[in-house]
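Engineer: Mind having a look at this structure? Questions to follow.
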Amino acid sequence: MKILVTGAAGFIGAFTSKQFIEQGHEVVGIDNLNDYYDVALKHGRLEWLNALDGFQFIQVELADRQAVDKVFDEHEFDRVVHLAAQAGVRYSISNPHAYVDSNLIGFVNILEACRHNEIAHLVFASSSSVYGLNTKIPYSTNDRVDHPVSLYAATKKSNELMAHTYAHLYGLPVTGLRFFTVYGPWGRPDMAYFSFTRDILAGKTINVFNHGKMQRDFTYIDDIVEGVTRVTQRIPQGVEGWSPENGDTSRSSAPYKIYNIGNHNSVELGTFIETIENALGKEADKNYMEMQPGDVLATYANVDDLSADVGFAPNTPLADGIGRFVDWYRDFYKV
């Protein structure tokens, strides 16, 4: 197939593009290469993608409707995997307009292009952050997600609503993926595991929010990509007789489905830091702090429907994944 991957220079986008190519597909990757974090990492990912037969990169700003339409006019895509977004919970508090431009305007441009070009399946990235103030864990895709605690989370919830509207009005098959705290080699420097590793190696104090009592479902990049590529092959169907009152809220009478992709294992922040310390062979100097605005106490994915539908659930042990990240970090930064 010929697949469009948005955010192809990003962490998840680059690894997803690579796996599609290795499976024999042709990938057109687009990205705006913004400087939210070190652009050298994005260029580094593109270097190993450009070395693969079957990959083409186009620099595009998703909020530019004409530029997005031009990409669709010049290519006939079988699938679209939309992974581009302005990421980061805390950054959304100080830079809200970046999230509106990328996550809302950019997404409606993708939806419109998919509709007018009769794309057979749109897969898009949502986030575990949509669960917001929910306290029942593990989080299920059948739970209501009406109380986000950051603008980032609100834009991801909005993406799910927008996608459902297009599935209902135009019959566009759409699948949303709620990712849970993705980590691994070539990851994002704004993520805690990355900054902890950098600061511990540099002998700097790390800030530990909520006194280390938060919990996260840390999911290794290879597991995320396996889930994405498998789901892309499974086009959702509307459920006959479905209604919001008596049906699974992750499905619909329209061709629409939402999945969690997480390691279905919640780890306390203190244990997470110990895992990094063990991989580095060095103890961190810790500054314990209060919880930050926009954060949630715990994330924990129920992935029963993912496992049932595509025969896969993430399973990489945290110590293994962190060990691989630390090995990459030492090599990439010559530490």
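FYI, nothing fancy with the structure tokens labels: chains A, B, ... in order, residues from 1 per chain, ligands from 1 as they appear.
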Could you give me the residues within stretch 75-301 of chain A that DSSP places in strand (DSSP E or B), as an MDAnalysis selection string?

Structural biologist: chainID A and resid 79:82 122:127 139 174:179 182:183 205:209 215:216 219:220 256:261 267:268 285:289 298 301

Engineer: Write out as a list in words each polymer residue whose atoms come within 12 Å of A:Gln233, counting only C-alpha atoms; drop sequence neighbours fewer than 6 positions from it.

Structural biologist: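 Result of the neighbour search: Met1, Ile3, Phe20, Gln23, His25, Asp78, Arg79, Val80, Val81, Ala120, His121, Leu122, Val123, Pro173, Val174, Thr175, Glu226, Gly227, Asp309 and Val310 of chain A.
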
Engineer: Which of these, A:Thr316, A:Asn302, A:Ser253, A:Gln237, has the shortest distance to A:Val182 once you count only C-alpha atoms?

Structural biologist: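 Distance minimum relative to A:Val182 lands on A:Thr316.
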
Engineer: Between A:Asn260, A:Thr155, A:Ser250, A:Thr271, which has the minimum distance to A:Gln86 (counting only C-alpha atoms)?

Structural biologist: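 Going through A:Asn260, A:Thr155, A:Ser250, A:Thr271 one by one, the smallest distance to A:Gln86 is for A:Thr155.
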
Engineer: Just checking: using only C-alpha atoms, which residue out of A:Ile93, A:Val71, A:Leu111, A:Ile200 ends up closest to A:Glu277?

Structural biologist: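 Residue with the minimum atom-to-atom distance to A:Glu277: A:Ile200.
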
Engineer: Just checking: using only C-alpha atoms, which residue out of A:Ile224, A:Val60, A:Val303, A:Ala202 ends up closest to A:Val335?

Structural biologist: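 Among A:Ile224, A:Val60, A:Val303, A:Ala202, it is A:Ala202 that comes nearest to A:Val335.
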